[in-house]
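Peer 1: Structure incoming, see below.
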Amino acid sequence: MKRDPLLWVATAAVLIVLASAEYELARACGFGTYVAAGVPAALDVYALAALRARRDVLAVVLTLIAVNAASHLVEVGLLPVSVPLVVAVSAVAPLVLWRVHRLSELPAEPAAEPVPAVAEPAPDPAEPITVEREPAPVDVVPVGPVLGPWTPLAELAGGTGGTAAGTGPDLLGDHFAAVRKAIGEAPAEPATEPVPPAVPPSGTGAADIVSEDTANTTFERRVATVRNWLQAEPELTGTEIGNRLGVSDGYGRRLLRTARDGS
């Protein structure tokens, strides 16, 4: 509603006049003193809700006219209080409740119409690019050595080549002579590659066996040493024996087996 002072004053005056007639009609239809005031209050709320929502305005106006006219007709005795009149006045409150509830709901928003897509103009075709090349000059001094007149291959092989005057060195003849000399000579034998000295294999190999064969006393002495160690350390292994004597693991295990067999 608009914020106009005159509009508010007119609305308040109309509602007061209507409320008086509506209250008297409710009293005539059997409503109590305080309950009868609810009928004009309900109709006034319905009228304000319809004006604000801009719906049901015609229905509100016709209802107010009918209630106001019936009140005055009953007041002057022209309209008797009958069953239809009491039922109609009693139905005011439920009907107002229904309509005010419907007016409080927001109306459905109309579906937005699809906006047609605007076709974009096609881009202008690109202009063709022409690459211009400069023509090669006709009269150009050649860069590089200038060959002399043609000479037969036999003369070149015989050493008569060179420039036209024959004053240059016979490079091609020297080349062919070197090729003939290289073909006629026997190919040189390839140099013998040096043979590296043989390295005896490590582990339980030659050194341990030779020491046993050539120095049997050394092997027996080591066996006796291992026996003494076994008396103090029965759990001694062949690897530990080899580490102590500075020999291989296999030789140490051999000494261990011999010491245990002899004991």
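Letters A, B, ... mark the chains of the structure tokens in the order given; residue numbers begin at 1 per chain; ligand numbers begin at 1, in order shown.
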Give me the residues within 12 Å of Ala69 of chain A as a ChimeraX atom specification, counting only C-alpha atoms and dropping any in the same chain fewer than 6 places off.
Peer 2: /A:18,21-22,24-25,62-63,75-76,78-79
Peer 1: Give me, please, the distance in Å between atom CA of Ile16 of chain A and atom CA of Ala59 of chain A, quoted to one decimal.
Peer 2: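 Atom CA of Ala59 of chain A lies 19.3 Å from atom CA of Ile16 of chain A.
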Peer 1: Please list as a list in words every residue within 8 Å of segment 29-39 of chain A, counting only C-alpha atoms and excluding residues in the same chain fewer than 6 positions away.
Peer 2: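 Once the adjacent positions are removed, what remains is Glu22, Tyr23, Val81, Leu85, Val86, Val89, Val92 and Ala93 of chain A.
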Peer 1: So that I have them on file, write out the residues from the current selection with all heavy atoms, as a JSON list (two decimals), in the first residue's frame.
Peer 2:
```
[["chain", "number", "residue", "atom", "x", "y", "z"],
["A", 22, "GLU", "N", -20.98, -4.45, 11.52],
["A", 22, "GLU", "CA", -20.68, -5.88, 11.61],
["A", 22, "GLU", "C", -20.84, -6.38, 13.05],
["A", 22, "GLU", "O", -21.29, -7.51, 13.29],
["A", 22, "GLU", "CB", -19.25, -6.14, 11.10],
["A", 22, "GLU", "CG", -19.10, -5.84, 9.60],
["A", 22, "GLU", "CD", -17.65, -5.62, 9.20],
["A", 22, "GLU", "OE1", -16.77, -5.67, 10.11],
["A", 22, "GLU", "OE2", -17.39, -5.38, 8.01],
["A", 23, "TYR", "N", -20.45, -5.57, 14.01],
["A", 23, "TYR", "CA", -20.60, -5.96, 15.42],
["A", 23, "TYR", "C", -22.08, -6.11, 15.79],
["A", 23, "TYR", "O", -22.46, -7.08, 16.46],
["A", 23, "TYR", "CB", -19.92, -4.93, 16.30],
["A", 23, "TYR", "CG", -20.05, -5.21, 17.77],
["A", 23, "TYR", "CD1", -19.25, -6.16, 18.40],
["A", 23, "TYR", "CD2", -21.00, -4.53, 18.54],
["A", 23, "TYR", "CE1", -19.40, -6.42, 19.76],
["A", 23, "TYR", "CE2", -21.15, -4.79, 19.89],
["A", 23, "TYR", "CZ", -20.34, -5.73, 20.50],
["A", 23, "TYR", "OH", -20.49, -6.00, 21.84],
["A", 81, "VAL", "N", -34.21, -12.23, 11.67],
["A", 81, "VAL", "CA", -33.04, -13.10, 11.94],
["A", 81, "VAL", "C", -33.50, -14.52, 11.72],
["A", 81, "VAL", "O", -34.25, -15.08, 12.53],
["A", 81, "VAL", "CB", -32.54, -12.87, 13.38],
["A", 81, "VAL", "CG1", -31.37, -13.81, 13.67],
["A", 81, "VAL", "CG2", -32.16, -11.42, 13.60],
["A", 85, "LEU", "N", -29.43, -16.53, 7.75],
["A", 85, "LEU", "CA", -28.64, -15.37, 8.14],
["A", 85, "LEU", "C", -27.63, -15.73, 9.24],
["A", 85, "LEU", "O", -26.47, -15.33, 9.20],
["A", 85, "LEU", "CB", -29.56, -14.25, 8.61],
["A", 85, "LEU", "CG", -28.86, -12.96, 9.05],
["A", 85, "LEU", "CD1", -28.07, -12.37, 7.89],
["A", 85, "LEU", "CD2", -29.89, -11.96, 9.58],
["A", 86, "VAL", "N", -28.06, -16.53, 10.20],
["A", 86, "VAL", "CA", -27.15, -16.94, 11.28],
["A", 86, "VAL", "C", -26.02, -17.80, 10.73],
["A", 86, "VAL", "O", -24.85, -17.66, 11.12],
["A", 86, "VAL", "CB", -27.95, -17.67, 12.37],
["A", 86, "VAL", "CG1", -27.01, -18.23, 13.44],
["A", 86, "VAL", "CG2", -28.97, -16.74, 13.01],
["A", 89, "VAL", "N", -23.51, -15.53, 8.87],
["A", 89, "VAL", "CA", -22.64, -14.75, 9.77],
["A", 89, "VAL", "C", -21.64, -15.67, 10.49],
["A", 89, "VAL", "O", -20.48, -15.30, 10.71],
["A", 89, "VAL", "CB", -23.52, -13.96, 10.78],
["A", 89, "VAL", "CG1", -22.64, -13.26, 11.80],
["A", 89, "VAL", "CG2", -24.39, -12.96, 10.05],
["A", 92, "VAL", "N", -18.42, -16.46, 8.44],
["A", 92, "VAL", "CA", -17.49, -15.37, 8.09],
["A", 92, "VAL", "C", -16.09, -15.68, 8.59],
["A", 92, "VAL", "O", -15.09, -15.55, 7.86],
["A", 92, "VAL", "CB", -18.02, -14.04, 8.66],
["A", 92, "VAL", "CG1", -16.94, -12.97, 8.55],
["A", 92, "VAL", "CG2", -19.27, -13.61, 7.91],
["A", 93, "ALA", "N", -15.96, -16.10, 9.84],
["A", 93, "ALA", "CA", -14.63, -16.33, 10.42],
["A", 93, "ALA", "C", -13.85, -17.43, 9.69],
["A", 93, "ALA", "O", -12.68, -17.24, 9.32],
["A", 93, "ALA", "CB", -14.76, -16.65, 11.90]]
```
Peer 1: Run DSSP on the backbone and grab whatever in segment 4-92 of chain A lands in helix (DSSP H, G or I); send it over as number ranges by chain.
Peer 2: A: 5-28, 35-53, 57-76, 83-90, 92
Peer 1: Using only C-alpha atoms, which residues sit within 12 Å of Thr258 of chain A once same-chain residues fewer than 3 positions away are excluded, as a PDB file with N, CA and C atoms, in the first residue's frame?
Peer 2:
```pdb
ATOM      1  N   PHE A 219     101.367 -77.851   8.505  1.00  0.00           N
ATOM      2  CA  PHE A 219      99.962 -78.263   8.631  1.00  0.00           C
ATOM      3  C   PHE A 219      99.703 -78.957   9.966  1.00  0.00           C
ATOM      4  N   GLU A 220     100.649 -79.871  10.359  1.00  0.00           N
ATOM      5  CA  GLU A 220     100.475 -80.559  11.628  1.00  0.00           C
ATOM      6  C   GLU A 220     100.555 -79.590  12.799  1.00  0.00           C
ATOM      7  N   ARG A 221     101.438 -78.598  12.666  1.00  0.00           N
ATOM      8  CA  ARG A 221     101.558 -77.618  13.746  1.00  0.00           C
ATOM      9  C   ARG A 221     100.268 -76.804  13.881  1.00  0.00           C
ATOM     10  N   ARG A 222      99.681 -76.458  12.780  1.00  0.00           N
ATOM     11  CA  ARG A 222      98.420 -75.701  12.823  1.00  0.00           C
ATOM     12  C   ARG A 222      97.283 -76.560  13.386  1.00  0.00           C
ATOM     13  N   VAL A 223      97.303 -77.877  13.065  1.00  0.00           N
ATOM     14  CA  VAL A 223      96.279 -78.769  13.607  1.00  0.00           C
ATOM     15  C   VAL A 223      96.399 -78.850  15.120  1.00  0.00           C
ATOM     16  N   ALA A 224      97.674 -78.913  15.598  1.00  0.00           N
ATOM     17  CA  ALA A 224      97.875 -78.958  17.043  1.00  0.00           C
ATOM     18  C   ALA A 224      97.417 -77.667  17.707  1.00  0.00           C
ATOM     19  N   THR A 225      97.637 -76.541  17.026  1.00  0.00           N
ATOM     20  CA  THR A 225      97.176 -75.258  17.577  1.00  0.00           C
ATOM     21  C   THR A 225      95.656 -75.213  17.654  1.00  0.00           C
ATOM     22  N   VAL A 226      94.990 -75.745  16.634  1.00  0.00           N
ATOM     23  CA  VAL A 226      93.527 -75.735  16.618  1.00  0.00           C
ATOM     24  C   VAL A 226      92.982 -76.629  17.714  1.00  0.00           C
ATOM     25  N   ARG A 227      93.677 -77.765  18.015  1.00  0.00           N
ATOM     26  CA  ARG A 227      93.231 -78.646  19.090  1.00  0.00           C
ATOM     27  C   ARG A 227      93.287 -77.931  20.436  1.00  0.00           C
ATOM     28  N   LEU A 230      90.353 -75.663  20.614  1.00  0.00           N
ATOM     29  CA  LEU A 230      89.080 -76.353  20.810  1.00  0.00           C
ATOM     30  C   LEU A 230      88.879 -76.758  22.258  1.00  0.00           C
ATOM     31  N   GLY A 238      85.269 -72.969  11.528  1.00  0.00           N
ATOM     32  CA  GLY A 238      86.365 -72.933  10.566  1.00  0.00           C
ATOM     33  C   GLY A 238      86.675 -71.532  10.085  1.00  0.00           C
ATOM     34  N   TYR A 251      90.359 -73.628   4.172  1.00  0.00           N
ATOM     35  CA  TYR A 251      91.515 -74.220   4.855  1.00  0.00           C
ATOM     36  C   TYR A 251      91.274 -74.286   6.357  1.00  0.00           C
ATOM     37  N   GLY A 252      90.619 -73.252   6.898  1.00  0.00           N
ATOM     38  CA  GLY A 252      90.311 -73.271   8.331  1.00  0.00           C
ATOM     39  C   GLY A 252      89.355 -74.393   8.676  1.00  0.00           C
ATOM     40  N   ARG A 253      88.324 -74.645   7.828  1.00  0.00           N
ATOM     41  CA  ARG A 253      87.408 -75.752   8.090  1.00  0.00           C
ATOM     42  C   ARG A 253      88.121 -77.106   7.995  1.00  0.00           C
ATOM     43  N   ARG A 254      89.108 -77.172   7.070  1.00  0.00           N
ATOM     44  CA  ARG A 254      89.869 -78.420   6.941  1.00  0.00           C
ATOM     45  C   ARG A 254      90.696 -78.674   8.206  1.00  0.00           C
ATOM     46  N   LEU A 255      91.311 -77.655   8.721  1.00  0.00           N
ATOM     47  CA  LEU A 255      92.073 -77.806   9.960  1.00  0.00           C
ATOM     48  C   LEU A 255      91.139 -78.218  11.097  1.00  0.00           C
ATOM     49  N   ASP A 261      88.926 -84.946  14.181  1.00  0.00           N
ATOM     50  CA  ASP A 261      89.098 -86.365  13.903  1.00  0.00           C
ATOM     51  C   ASP A 261      90.260 -86.944  14.691  1.00  0.00           C
ATOM     52  N   GLY A 262      91.335 -86.173  14.822  1.00  0.00           N
ATOM     53  CA  GLY A 262      92.492 -86.647  15.544  1.00  0.00           C
ATOM     54  C   GLY A 262      92.260 -86.737  17.034  1.00  0.00           C
ATOM     55  N   SER A 263      91.368 -85.863  17.573  1.00  0.00           N
ATOM     56  CA  SER A 263      91.091 -85.907  19.003  1.00  0.00           C
ATOM     57  C   SER A 263      90.121 -87.045  19.308  1.00  0.00           C
TER      58      SER A 263
END
```
Peer 1: Rounded to one decimal in Å, what is the spacing between atom CA of Trp98 of chain A and atom CA of Ala49 of chain A?
Peer 2: 12.0 Å
Peer 1: Rank nothing, just name the residue among A:Val74, A:Ala53, A:Leu64, A:Leu236 nearest to Leu15 of chain A, using only C-alpha atoms.
Peer 2: A:Leu64
Peer 1: Tell me which protein, DNA and RNA residues are within 9 Å of Leu103 of chain A, counting only C-alpha atoms, leaving out same-chain ones fewer than 3 positions away, and put them as a ChimeraX atom specification.
Peer 2: /A:49-50,53,55-56,98-100,106-107
